[in-house]
Every structure is written in C-alpha cells, then in structure tokens.
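Chemist: Can you read through this structure? Questions will come right after.
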Amino acid sequence: MKKRLLALFLTAGVVASMLAGCGGSSDAAPAAPADVAEAPAAADDAEEAPAEDESGEVTNFTMFITMPGSEINDDNEIAQMIADKWGVKVKETWLTGQTASEATGTLIAGGEYPDFIDSDEMSLLVDADALVALDDYIDQYPEFRDKWFTKEEWDKFRQPDGHIYWINPFGNTKGETKQTTHNDEAFWIQVRVLEWAGYPKIETMDQYFDLLESYIAANPTMEDGTENMAYTILCEDWRYFCLENAGQFLAGYPNDGSVIVDKTDMTIKDYNTSEDTIAYFKKLNEEYNKGFVDPESFTQTYDEYIAKLSTGRVLGMVDQWWDFAYTVNDSFKQSGLDQKGCNYVPLGLTTKEGMENRWHTYDDTVNQASGIAITTDCDDVDKAFKFLVDCAMDQELHDLRFWGVKDVDYNVDENGLYYRTDEQRMNWADTSYQAKHRCQYSYFPQWHGTSDDGKNANKPEEQPSEFMVDMAPPLKACFDAYGYTTYPQFIGSVQETNGPWFPMYSFSNNFTTETPGGVAWAKMGECKHEWLPKVVMAKDFDKGWGEYMAAYEACKPGDFLAEMQAILDGFK
Amino acid sequence: MARVKKEHKKIPITMKEMKRQSFLMIVSFFMVVYGIIFYYWPLTGWIMAFQNYKPKKGLLGSKFVGLDKFRFLFEDAVFVKAIRNTFAMGLLNLVTTTIMAVLFAIILNEVRKLWLKRPIQTISYLPHFLSWIVVTGILHTALSASGIVNDLLMRFGFIDQAINFFAYPKYFWGIVAFAHCWKETGWNAIIYLAAITAIDPCLYEAASIDGADRLQKIRYITLPGIKPTFMILLLMNVGNVLNAGFEVQYLLGNGLVQSVSQTIDIYVLKWGISQNDYSLGTAAGLFKSAVSILLIVIANSISKKYGEQRLF
Amino acid sequence: MNENVKPQKVRGTLSDKIFSVIVFVFLLAFVIITLYPVINTVVLSFNDGIDAVRGGIYLWPRKFSMKNYKTVLAMQNIWTGAKITVARTVLATVTSLIANALLAFVVSRKRFLFKSGLSLFWVITMYVNGGLIPVFLLYKNLGLTGTFHVYWIPGMISAFNMLVMRTYMEGIPESLEESAQLDGAGYWTVFAKIISPLCKPMYATIALFIAVWQWNSWFDAMLYNRMKTEYTTLQYELMKLLSSVMQQSGSAENAKNGAATITPITIRAATTVVTMLPIICLYPFLQRYFVTGLTIGGVKE
C-alpha cells in the first residue's frame, strides 16, 4: 500500500516537473498561432514553400466565431492548399458551452483578441475599440466594393462614428440565381397527400387542413401500420418560430420577423394581434380540439420532433427547410420512405384565396447586425483583408472551399458541369472527412448563384443536377404534375424588391434591455412562449385568446413597436 | 460508534501553546493566503452589481447605478417566481437525493456477498457520468405519451388515457427531483459508504450476541455511525438550495410549464447574460450568496444547539 | 440464506429473511433503472447515425456501426487532450488531496486556536462567487491563463472536500493523538503516521471526487486556453463535438447561416462512452478501500 502511494507521489512529481519544463519552453518559443502571426517568417507548417504566393510565406491567423461549429484539423488538406496558394491559414475556434455574449465579454475583459472575429455582439466590440475600421481597406479594392454590396447596403453597416467595422459574409448572389430550394419558412406537406388528392392547388390554410383531415380519414395508417399524424408543431425554445410567426406570412407579408411593415403608409404593425394571426390560431385550436394536431406538440424536444418526422407519419407542419430537411431527408432515403412519398414540399398559404404571398424571398437578405471583422490585435491587417477579399473574388478559392478538390470531391462532365457521385456526396457530409479534408472557412465571404464560368452553381446544393439527381420517384412525380422544377415554385411568392429596411428582425435582434422597447421585446417573447400553446390547447378559444391578450398587453408591446417605427422612419 | 462529546475547556493562549501549534499555524497561514487570492479577491467583482458594467470600461470605470439592478430584479414578478421555483426545487432535490443516497448506502451495506455488492455499486454510480442532455433525453422519451411509463400505467389500469407529463406544471418539480435521484443516488452514496467503513465491526458483533436483528442493527449502529457525515452534508447543502441549477430545468422545461420551471439561473441567463447585462447576473449572484450564508448560519446554529455537527 | 460471513451463529429469524427479500428487490429494481440509461447510451453509440434519428432504439442496435467511434477517435487533438487530461487528473488529485487533507487535519484539531475561524473562512468560499470576468482577470494577472497550471492551482482546495474529511477525522479517537504526542510526536507526525492511515477510505473517496471532477472539467480549458491547442483537454475536445446541441440560446438567423450542423445523437453517445470508460476503470482500485468494513486499528478508547 505504501509503495503504491509512493508511486503516485512520484508520478505526480514527474508530471509536475515535466510540465514545468513545458511551461518554460513554451514561453520562450512562439508556439501560439497568434505569436506566429507576429513573426511572419516562422512559416511553421508549410514545408513545401508555395511558389505562387508573392511573398512565399504563410501567415497564420486566428478567428473566433460566436456560433457552435466543427473545428477542422490543423493539417486539414484543403486548408493547406489554400495556404500554399493564397498564403493564409486561418485557425477557427467556435463557441463552446457559453453564450455569445459571455464569450465576447470575457474577450473584451481580457483585452486579447483573435485576428478575425464574427460575433453576435459586434456593438460591444466596437465600444471596446477592438475592431479595425475597414473603410480604407474596402476602398483599396474597388472591384470587391462594388460587387459585394451596393452603396446603400454598405451604408447600412456604418456605425454611429461613420465607419464600417464588419462585413456580412452571407446572402449574396452572383450572376444568375440558382436557388432550387426554399430555405425559409413554409407550410410543408408530404407528396403522398398531394398525390392521393390528385395534386390539387392549395392556397389557404383551410384548404390545407381540409386536405390533411380527409387524407387521415381515408388513410388512418401507413403501409406498415404506423398511425398517420396530420400536423405537428415544434415549439422548443428559440425554435418556436414554427408556431409563432406564420401569421405575418398568412397575411401576405414577407419575413420581417418581429413586425409587419405596411409599405403603403410606412408604418410598423404588430402581427401578434392581427386578424390573420387570430384566424391562424383559431384554426390551430379547432384542429387541436378535433384531434388532428399532435398532442405532444408543445412538449416535444427537437430530437423527438425530428424522430417523429423521420418515421414518415407526419403529414404536415410549419418549419424552415434547414431546420429539418437535411436530417429527415437522409433518414427517408435510408429507410426507403422517400419511395413511399414521404418527402415534403412547401406551400405558400394565405388566409384567403387569391392573395399574394411573400413566404419566399428572392432577393438577397442583407443582415447588417453581424459579420466578419478584423481586430486591433491583428498584426497584418493588409494581408488579412486581402484574404477576405480573395475569398469573395477568387472563383478558384471559392470552388475549393465549397466544392472541394476536382476529381476527388467532384467531377466535371464533358460540358464543364460539376457533378458528384454518391460516395463523394457522402464523404463531403462526413464529420471526420470534413475535419481532415474539407475547409469551408464558412464565415468568410461567399456567394450563392452562378460561378464565374457561367455554368456551375457557387454552392453544390444549388447545382441543378445535384438537386434533381436524388429525387425519389414520388417527389419527382409531384414536381412533374405541377410542372415545377424548383421548390420556390410551389410557393409562388410575388417577386419584388424589399425595402432597404428589410429584414426588420436584424434590428430587433440587437435590442437590449437598456431601452424600454428592448425590455418589452424580451417580455413579449416570454409571454408568447407560455401563452401560444395554451391558446391552441384551450377548450374555449375566445376565452383563451382574451387571457393571452391581457398578458400580452402587460408586456407593453407599444414600447417595442414605437422603437421599431423610429428605425423604419430612418428609411423614409 | 462512541463519540466523545467535546468539553469546552478553554485553552489558554500561551506562548508555549502557540509554539506547540506552530505547524498548524503555518499551514493555516498559507491556506488563508491561498483562499484570499483565489476565492476572496475575485469578490471585488461584486461591485458590478451596483454598476452598469461595461467590459470595456472595467470595474473601475463603469458607471455606478446604486441599487438599480436589484430593483429591476425584485420589481419583476417573473424573478420573484423564479426565486420560489428555485427554492422549491432546491429543497425537494436536497431532501429526495439525500434520502435516496442514505437508503441506498445502508441497503448496499446489508449485502454481505462481495461479488454482488461490488458490481451493484459500480453500476449505481455510472449515471453520474452521463451528461444531463443524455439523461433528460431518455427521461423525456420514457415519460412521453407513448413512452414506457404511460404504457405501464395504462396496462395496470391506473389511468385510461396517456398523460402528457410535461404539459402540466404540477408534475414538473417531481420530475426534476426524480431526474436528480436517478443520476446521482449511487454517486452520493459513495460518501456514506465510506463513512460506514469507519464503524467498528465489533459493535455489530456485540449487537448480534445481544440478539439484535438486522433492522435494529441499522437503527442503533449504522445510522448513528453515519450521522456526522449526514449532518455535515446536510448543513453544506442547505446553503446550496438556491443553486438548483438551470441545465435540467432548461432541458426538461417548455413554454407550458415555464411558470414553474424557470430558476434564478435561467432568469439570469435570459435577462442578464444574453442581453449583455453583466451587472444583473452579479446582482442575482450576490443575492444568492447572501441567502445561502444566512441559511447556513441559521442551520449551523440550530445544529449547534442540539449538539450536532457544525460547519464552523 | 446464510449471508453472514461472521463466524458467530446467527439465528435466521423470520424478520431477517423478509428483510433480505426486501433488500434484494430494492437493489434489483435500482440496478435495472440505473443501468438502463447507460446501456441505452452504449447501444446508441454502436448504431448508425442516420438510422438512429428515427428513435426507437432501446436495448440493442438496429443498424450496427463502428463509425461513431471512428469519428470521435479520429478527431485531431484528441490524443493531446487525453495526455493533458491524464496529467492534470493525476497531478491535481495528488496535490489537491494533500492540501485538503492537511487543511482538514488542521481544522479538526480540537485544541487549535483558530479552528472555528478558519472553518468559517473556508465555508464561506462555497457560497460566494465573484463571477466569470473578475476570475478571468485574476488568472490573467497571475499569469495562469495560457498555461497548464490553470488546471491544478486554482481549484486545489475545495471547502466541500475539506469539510467531509474533517468530519471523518473528528471521528477518530483523540486518545490516539494524545498518546502519540506524549511520545514526543509533533503535529506533522500525527498527521502522517496516525491520522492519514486511518483515513484511507475517506482519502479514497475524496481522491475519486477530485479525479472525476478534474477528468470532467472542460470549461477552464475553453476559457483560459482556447487558442492553446497544446493544453487542450479531452473533455474540451469532446465538448466541441457536442456544442451544437448544447447551444443554450440561438436564433434562426444564425442556425441557418451556420448550415446547422447538428451533432448526431449517436456521436453524442460515443463521446459519452469514450469519456466514461477510463474514469470508470479507476473505481475498482479505490473501491477496495471502502467496500469492506475497516477496523480502526483495533483501538478502543
């Protein structure tokens, strides 16, 4: 016993001295990537000196993104190729187990920043003088400046001091749009239901639920005996948008998120209390009491919801495409349910027939609230910014990030079109393959739309062949029956240019409790979380709605709306 | 186990006594220095509770707002409700997990066969290593309308229709307490099992000779033997009732039970941290610390009065 | 049922028999309930990821796959993390055990002048907390951030562990200490030669607590060594894998742009198993110290 204890002490001693050694040496040698940036000559891991880069040196940058994400390996293959050619390697670190605000707060308190940062709390960083004003750098690259944003768009990014500190890397389309999916919110319906009804035109919420009801009546179970379920609602935490904001769309307005903007007289309207929203919840309540809405709707977790959809038994729901489709479609494919018509297509419903709808946004949505920034701790802002521009302007780099390596991750057919085999597609989606091979630098500028070659899509998921290739026969039949080739056609939103204020949620997302409007906004959210499920489950809808409204008014929504109106007035 | 009641004989503070205790003094000195640096110095951060703290300006530069943050908290009915919920869940968790741990330790101690005892103990503490997200995930499935609990209840005729346990506030605290017991009973029992080893086996032998049955032995030997440990843990945990946490409540809660699921920590996360209001969280933390210290002072003096274990 | 190992003859009374049955039933139920989540996690970790999305996997994998483990173990830095984690666990367990035991010894001396004051000093530390930012600044000023030392120095003394040990030590008859002191032993000798050997079960327990705590820590690695991959820990690496499902507050806007990579539940399960396994192996070694009754040196007062 004594011996064992002694051994333990010895081990500890050895470990301690070993680490003391480590500590000492690491102080001497610039081991941290940030330090390497200081001494550009220390191109540590670029053994094969790249010939094409003018300076021949690789600069290592660090980046922190206040979103959870998957880290890539230090010896990631594509990252190395990019470093060889463009002379920059970025070590990305993601948010883990903290909120964006906590993480940003500690960074500021510590006063040490990564070279690049993309935070939800940009204004905090500007306050702390942590960011480099980018105006001059932007002007150095006129081609980039003019192509990336219009002048009005750039102006939206100007802070009160007149400078631009960050650039939103998302939501820009180059060339002809290749949009085949509807990434946003919609009422979704399984193609087997449409097939059963002979592919009818569904325009209103009443028609939608009538169809679901009659389908259930005729087909209470699936082939394997699983009971069909007409409609479910995801309501977990922030994902309760699946319940909450359909009212604005049903009334024919676009996704301003937190409010409705009435363009005729430039006023802010509250969709929470509008006629269309009442009609929407009344309908849900009616369906709930008839037993057509999943009774577990308001208590299910996201995992349970996805599991439910993956069994193929749910006929319809409101959701945004990215929130369910990737996982659920993979599952359908594996279990063969896609052959049975379980895939979902979107519908652009409104409260009344013949109304215009704006569920789908054709335009680019520029969110000025966040983006990529360069911090004052960055030692080579010129090179950092150049890389940022390269990401946006160099098609080869863009292809490498999003398509991968030619003949490895994708092939090129005789017409110059990119295509992928099943295996390539699976690799690309595989977690460990991503870590060692794929490098998207996903918070650097990127494009939707068409590549500079005029043929291919900038992103594989928008490539028409990619989209059509794995369509199961029932889904294909549905597209053919309606004569559609893309998902947005199912929605049939009107094509129009949104105002410069769009989307209004980019403003309300940045509200804090320092203003009365911000307090009201947060309270309204809390109140809706609690009351909307109760309203749907109420035995007496009018009574339930009345109680909800009383609680809602107590949150002082007027304060919030007034502040939103003031913002909108700025665009008059 | 025979414990000597301490007589309060005053030890005279003489130079000789001081010298005799020099080893103790030196150790204490270093420990106090350590404690001041790592535990007491960061308390300067409490200033934030009275400021409108901005990370850029730091502790010295931020604007003082007096008791504004406390006023914000206590004027909000939601926060007051959160205090109630935290208290209720903290207390319920404390009581149930303590009872379960003691019960389990005693029962396990009654198992005389080592080949049975060891595996059971190992199994019992495994759930401690599962994260809350895993445990709550399984619990959620088990309690769902089509889950095993409803299935069993219906099969044995207790209910005719599946109950959606998560839709009703009345079940929530119970579910949270159960989740804690499920995850931590075996782990918490370890301390009691260790305490039981300190009981002199002669006592059991003597009791056997006197004809005591097993229940009597538990009552007169095992229970008194673990009482000091039990008391000290109880005292410490009384101060922790306001730390009922947020992870479980966050993962199991939903809009329908919001009024009973929101704890102080969740409130702080939503209103303080997520809104960049660092001071609000500090104010809530300060409030919790004050209540905790008040609670243990009370509990400690009660315990002292009855001649039981004391924390200090 | 002759479960007594004791040589004395024991009458198998009826109540004892009933008692045995109750014990048996209780433990059986307990084992089943406790084992289930663990088994379910292990089973999921061996199931195909896409298949598991459908749910309904309980006691046996539906579509067997080793891919989850391959993914977890192929993660870069996981071996660096494992090394650092083992190092910090060993080092911190030893240093922290000694420090806590010493402190517990000091405050459990009945004659010690500052016994009560010192206890109070440490009790308070359990309930006060300056918050994330002041602690961060402190460590930064002490030069602990960006080093290995941040893992074992700050948490060395825990009032909880100390108090549990103190209680145990107070249960040791004072006469032992007194007789040793009569023989001329100082406090250090009393601590090392008299008290510590008797405290083995408690030391084992506390060592386990510290080891498990250290093993599971990841927040310090994330906060203080975020950019220092050479000091990453196993748990931090695994937390990175899990973080997308643990996200406490989110917004649709962000999730959409972030391509919403949700870590499959099967990877979550494999991660859990990888984390659990090594620390569980530690237990049997410690268990011997407190599963069997221990006679305190045969001392009678």
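Note on naming: chains are A, B, ... as they come in the structure tokens, residues start from 1 per chain, ligands start from 1 in the order shown.
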Considering only strand (DSSP E or B) as DSSP defines it on the backbone, what residues of region 176-332 of chain A qualify? List them as an NGL selection string.

Modeler: :A and (185-190 or 204 or 221 or 227 or 229-231 or 260-262 or 267-269 or 293 or 314-320)

Chemist: For the residues selected in the previous step, produce a file with C-alpha atoms as a PDB file, in the first residue's frame.

Modeler:
ATOM      1  CA  GLU A 185     -40.410  29.007 -43.590  1.00  0.00           C
ATOM      2  CA  ALA A 186     -43.468  27.410 -45.153  1.00  0.00           C
ATOM      3  CA  PHE A 187     -46.347  25.079 -44.525  1.00  0.00           C
ATOM      4  CA  TRP A 188     -44.914  21.740 -45.637  1.00  0.00           C
ATOM      5  CA  ILE A 189     -46.892  18.787 -46.885  1.00  0.00           C
ATOM      6  CA  GLN A 190     -45.947  15.252 -47.824  1.00  0.00           C
ATOM      7  CA  THR A 204     -55.377  28.722 -47.958  1.00  0.00           C
ATOM      8  CA  THR A 221     -52.302   4.313 -41.042  1.00  0.00           C
ATOM      9  CA  GLU A 227     -50.645   5.678 -37.405  1.00  0.00           C
ATOM     10  CA  MET A 229     -50.483  12.148 -37.840  1.00  0.00           C
ATOM     11  CA  ALA A 230     -51.924  15.173 -39.547  1.00  0.00           C
ATOM     12  CA  TYR A 231     -49.929  18.010 -38.116  1.00  0.00           C
ATOM     13  CA  ILE A 260     -45.031  43.773 -40.231  1.00  0.00           C
ATOM     14  CA  VAL A 261     -44.068  46.771 -42.327  1.00  0.00           C
ATOM     15  CA  ASP A 262     -47.010  48.333 -44.119  1.00  0.00           C
ATOM     16  CA  THR A 267     -45.949  52.055 -40.543  1.00  0.00           C
ATOM     17  CA  ILE A 268     -44.997  49.239 -38.243  1.00  0.00           C
ATOM     18  CA  LYS A 269     -47.747  46.811 -37.425  1.00  0.00           C
ATOM     19  CA  VAL A 293     -52.765  18.288 -34.043  1.00  0.00           C
ATOM     20  CA  VAL A 314     -46.375  13.340 -40.008  1.00  0.00           C
ATOM     21  CA  LEU A 315     -48.247  14.780 -42.975  1.00  0.00           C
ATOM     22  CA  GLY A 316     -47.535  18.442 -42.449  1.00  0.00           C
ATOM     23  CA  MET A 317     -46.058  21.210 -40.318  1.00  0.00           C
ATOM     24  CA  VAL A 318     -44.647  24.706 -40.417  1.00  0.00           C
ATOM     25  CA  ASP A 319     -40.863  24.908 -40.345  1.00  0.00           C
ATOM     26  CA  GLN A 320     -37.847  26.302 -42.134  1.00  0.00           C
TER      27      GLN A 320
END

Chemist: List as a list in words the protein and nucleic acid residues near region 71-85 of chain B, meaning an atom at most 7 Å away when only C-alpha atoms are counted, but skip any in the same chain fewer than 6 places from it.

Modeler: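 Non-adjacent residues within range: Val260, Ser261, Gln262, Thr263, Ile264 and Tyr267 of chain B.
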
Chemist: By how many Å are CA of Glu496 (chain A) and CA of Lys455 (chain A) apart?

Modeler: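 So the two atoms, CA of Glu496 (chain A) and CA of Lys455 (chain A), lie 25.5 Å apart.
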
Chemist: Using only C-alpha atoms, determine which residues of chain A fall within 6 Å of chain B; present them as a list in words.

Modeler: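 The answer, sorted by residue number, is Ser101, Ile108, Ala109, Ala128, Thr299, Thr512, His529 and Glu530 of chain A.
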
Chemist: Find, counting only C-alpha atoms, the residue in B:Val111, B:Leu143, B:Leu280, B:Ile191 that gets nearest to Arg214 (chain B).

Modeler: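 Among B:Val111, B:Leu143, B:Leu280, B:Ile191, it is B:Val111 that comes nearest to Arg214 (chain B).
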
Chemist: Using only C-alpha atoms, pick whichever of C:Val42, C:Ile280, C:Leu241, C:Val25 has the shortest atom-to-atom distance to Ile107 (chain B).

Modeler: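 Checking each of C:Val42, C:Ile280, C:Leu241, C:Val25 against Ile107 (chain B), counting only C-alpha atoms, the winner is C:Val25.
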
Chemist: Which of these, B:Ser301, B:Asn52, B:Asn150, B:Thr44, has the shortest distance to chain C once you count only C-alpha atoms?

Modeler: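 Result for the nearest residue to chain C: B:Thr44.
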
Chemist: Identify, on the basis of only C-alpha atoms, every residue whose closest approach to Ile124 (chain C) does not exceed 10 Å; exclude the query and any residue fewer than 2 positions from it along the same chain; express the result as a list in words.

Modeler: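 With the cut-off at 10 Å, the set is Tyr39, Tyr40, Gly239, Ser289, Ser292, Ile293, Ile296 and Phe312 of chain B; Ser119, Leu120, Phe121, Trp122, Met126, Tyr127, Val128, Asn129 and Ala159 of chain C.
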
Chemist: Find the residues around Ile65 (chain A) up to 7 Å (only C-alpha atoms counted), leave out those fewer than 2 positions away in its own chain, and share them as a short mmCIF file (atom, residue, chain, number, x, y, z; two decimals) with C-alpha atoms, in the first residue's frame.

Modeler:
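The resulting part_3.cif:
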data_model
loop_
_atom_site.label_atom_id
_atom_site.label_comp_id
_atom_site.auth_asym_id
_atom_site.auth_seq_id
_atom_site.Cartn_x
_atom_site.Cartn_y
_atom_site.Cartn_z
CA MET A 63 -10.58 33.52 -35.81
CA MET A 67 -21.56 30.15 -33.03
CA THR A 93 -12.39 28.44 -32.96
CA TRP A 94 -16.08 28.17 -32.22
CA LEU A 95 -18.34 28.86 -29.33
CA ILE A 117 -13.91 37.70 -35.21
CA ASP A 118 -17.52 37.10 -36.03
CA SER A 119 -19.69 37.79 -33.06
#

Chemist: Looking at B:Phe70, B:Phe64, B:Tyr204, B:Phe23, which one is nearest to chain C, with distances taken over only C-alpha atoms?

Modeler: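 Closest candidate: B:Phe23.
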
Chemist: Pick out the residues sitting within 6 Å of region 167-177 of chain A, and hand them over as a PDB file with N, CA and C atoms, in the first residue's frame; count only C-alpha atoms, and ignore anything fewer than 5 positions along from it in its own chain.

Modeler:
ATOM      1  N   ASP A 364     -31.521  39.000 -52.178  1.00  0.00           N
ATOM      2  CA  ASP A 364     -30.569  38.739 -51.103  1.00  0.00           C
ATOM      3  C   ASP A 364     -31.030  39.469 -49.858  1.00  0.00           C
ATOM      4  N   THR A 365     -30.863  38.800 -48.745  1.00  0.00           N
ATOM      5  CA  THR A 365     -31.214  39.425 -47.480  1.00  0.00           C
ATOM      6  C   THR A 365     -29.927  39.835 -46.786  1.00  0.00           C
ATOM      7  N   GLY A 371     -21.277  40.026 -38.842  1.00  0.00           N
ATOM      8  CA  GLY A 371     -20.401  39.788 -39.967  1.00  0.00           C
ATOM      9  C   GLY A 371     -18.984  39.565 -39.495  1.00  0.00           C
ATOM     10  N   ILE A 372     -18.082  39.490 -40.468  1.00  0.00           N
ATOM     11  CA  ILE A 372     -16.694  39.221 -40.118  1.00  0.00           C
ATOM     12  C   ILE A 372     -15.954  40.548 -39.920  1.00  0.00           C
ATOM     13  N   PHE A 444     -16.300  33.334 -43.841  1.00  0.00           N
ATOM     14  CA  PHE A 444     -15.694  34.293 -44.760  1.00  0.00           C
ATOM     15  C   PHE A 444     -16.667  34.525 -45.917  1.00  0.00           C
ATOM     16  N   PRO A 445     -16.506  35.644 -46.642  1.00  0.00           N
ATOM     17  CA  PRO A 445     -17.460  35.962 -47.703  1.00  0.00           C
ATOM     18  C   PRO A 445     -17.669  34.803 -48.676  1.00  0.00           C
ATOM     19  N   GLN A 446     -18.877  34.651 -49.100  1.00  0.00           N
ATOM     20  CA  GLN A 446     -19.231  33.567 -50.016  1.00  0.00           C
ATOM     21  C   GLN A 446     -20.457  33.944 -50.834  1.00  0.00           C
ATOM     22  N   TRP A 447     -20.589  33.263 -51.945  1.00  0.00           N
ATOM     23  CA  TRP A 447     -21.656  33.591 -52.896  1.00  0.00           C
ATOM     24  C   TRP A 447     -22.666  32.468 -53.051  1.00  0.00           C
ATOM     25  N   HIS A 448     -23.877  32.888 -53.312  1.00  0.00           N
ATOM     26  CA  HIS A 448     -24.835  31.980 -53.925  1.00  0.00           C
ATOM     27  C   HIS A 448     -24.772  32.243 -55.423  1.00  0.00           C
ATOM     28  N   GLY A 449     -25.688  31.623 -56.168  1.00  0.00           N
ATOM     29  CA  GLY A 449     -25.768  31.950 -57.584  1.00  0.00           C
ATOM     30  C   GLY A 449     -24.742  31.219 -58.424  1.00  0.00           C
ATOM     31  N   THR A 450     -24.373  31.850 -59.546  1.00  0.00           N
ATOM     32  CA  THR A 450     -23.600  31.161 -60.557  1.00  0.00           C
ATOM     33  C   THR A 450     -22.123  31.523 -60.492  1.00  0.00           C
TER      34      THR A 450
END

Chemist: What are the DSSP helix (DSSP H, G or I) residues of region 93-251 of chain B, as a PyMOL selection string?

Modeler: chain B and resi 93-110+114-129+132-143+148-155+165-167+169-197+201-209+214-238+247-251

Chemist: Please measure the separation of CA of Ser506 (chain A) and CA of Phe249 (chain A), giving the value in Å to one decimal.

Modeler: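 We find that CA of Ser506 (chain A) and CA of Phe249 (chain A) lie 17.7 Å from each other.
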
Chemist: What is the distance between CA of Leu130 (chain B) and CA of Leu35 (chain C), in Å to one decimal?

Modeler: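 About the pair CA of Leu130 (chain B) and CA of Leu35 (chain C): they are 11.4 Å apart.
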
Chemist: Show me, as a PyMOL selection string, the residues that have an atom within 8 Å of Ala104 (chain C) when counting only C-alpha atoms, minus same-chain residues fewer than 2 positions from it.

Modeler: chain C and resi 100-102+106-108+162-163+165-166+169

Chemist: Residues of the last selection are to be written out with C-alpha atoms, as a compact mmCIF listing (two decimals), in the first residue's frame.

Modeler:
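Output file selection.txt follows:
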# COMPACT_ATOMS: atom_id res chain seq x y z
CA ASN C 100 -7.32 19.29 1.56
CA ALA C 101 -6.20 16.60 3.97
CA LEU C 102 -3.73 18.96 5.61
CA VAL C 106 -5.63 21.45 10.96
CA VAL C 107 -9.25 22.41 11.48
CA SER C 108 -10.12 19.10 13.07
CA MET C 162 -12.15 19.55 3.22
CA LEU C 163 -15.25 19.52 5.42
CA MET C 165 -12.59 14.92 5.53
CA ARG C 166 -12.72 16.99 8.67
CA MET C 169 -11.07 12.92 11.13

Chemist: Return the neighbours of chain C among the residues of chain B, cut-off 6 Å, counting only C-alpha atoms, as a list in words.

Modeler: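 Those within range of chain C come out as Leu24, Pro42, Leu43, Gly45, Trp46, Arg112, Ala194, Thr197, Asp200, Ser289 and Phe312 of chain B.
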
Chemist: Could you pull the residues within 9 Å of Gln51 (chain B), counting only C-alpha atoms, minus those fewer than 4 positions along the same chain, as a PDB file with C-alpha atoms, in the first residue's frame?

Modeler:
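Saved as around_34.pdb:
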ATOM      1  CA  ILE B  47     -19.003  45.976  -7.337  1.00  0.00           C
ATOM      2  CA  LEU B  59     -14.626  47.621 -12.791  1.00  0.00           C
ATOM      3  CA  SER B  62     -18.157  51.678 -15.187  1.00  0.00           C
ATOM      4  CA  LYS B  63     -20.972  53.887 -14.045  1.00  0.00           C
ATOM      5  CA  PHE B  64     -22.465  53.345 -10.603  1.00  0.00           C
ATOM      6  CA  VAL B  65     -26.208  52.919 -10.558  1.00  0.00           C
ATOM      7  CA  GLY B  66     -26.772  52.135  -6.897  1.00  0.00           C
ATOM      8  CA  LEU B  67     -29.443  49.550  -6.310  1.00  0.00           C
ATOM      9  CA  ASP B  68     -30.988  49.809  -9.762  1.00  0.00           C
ATOM     10  CA  LYS B  69     -30.157  46.244 -10.705  1.00  0.00           C
ATOM     11  CA  SER B 279     -24.361  43.507 -13.721  1.00  0.00           C
TER      12      SER B 279
END
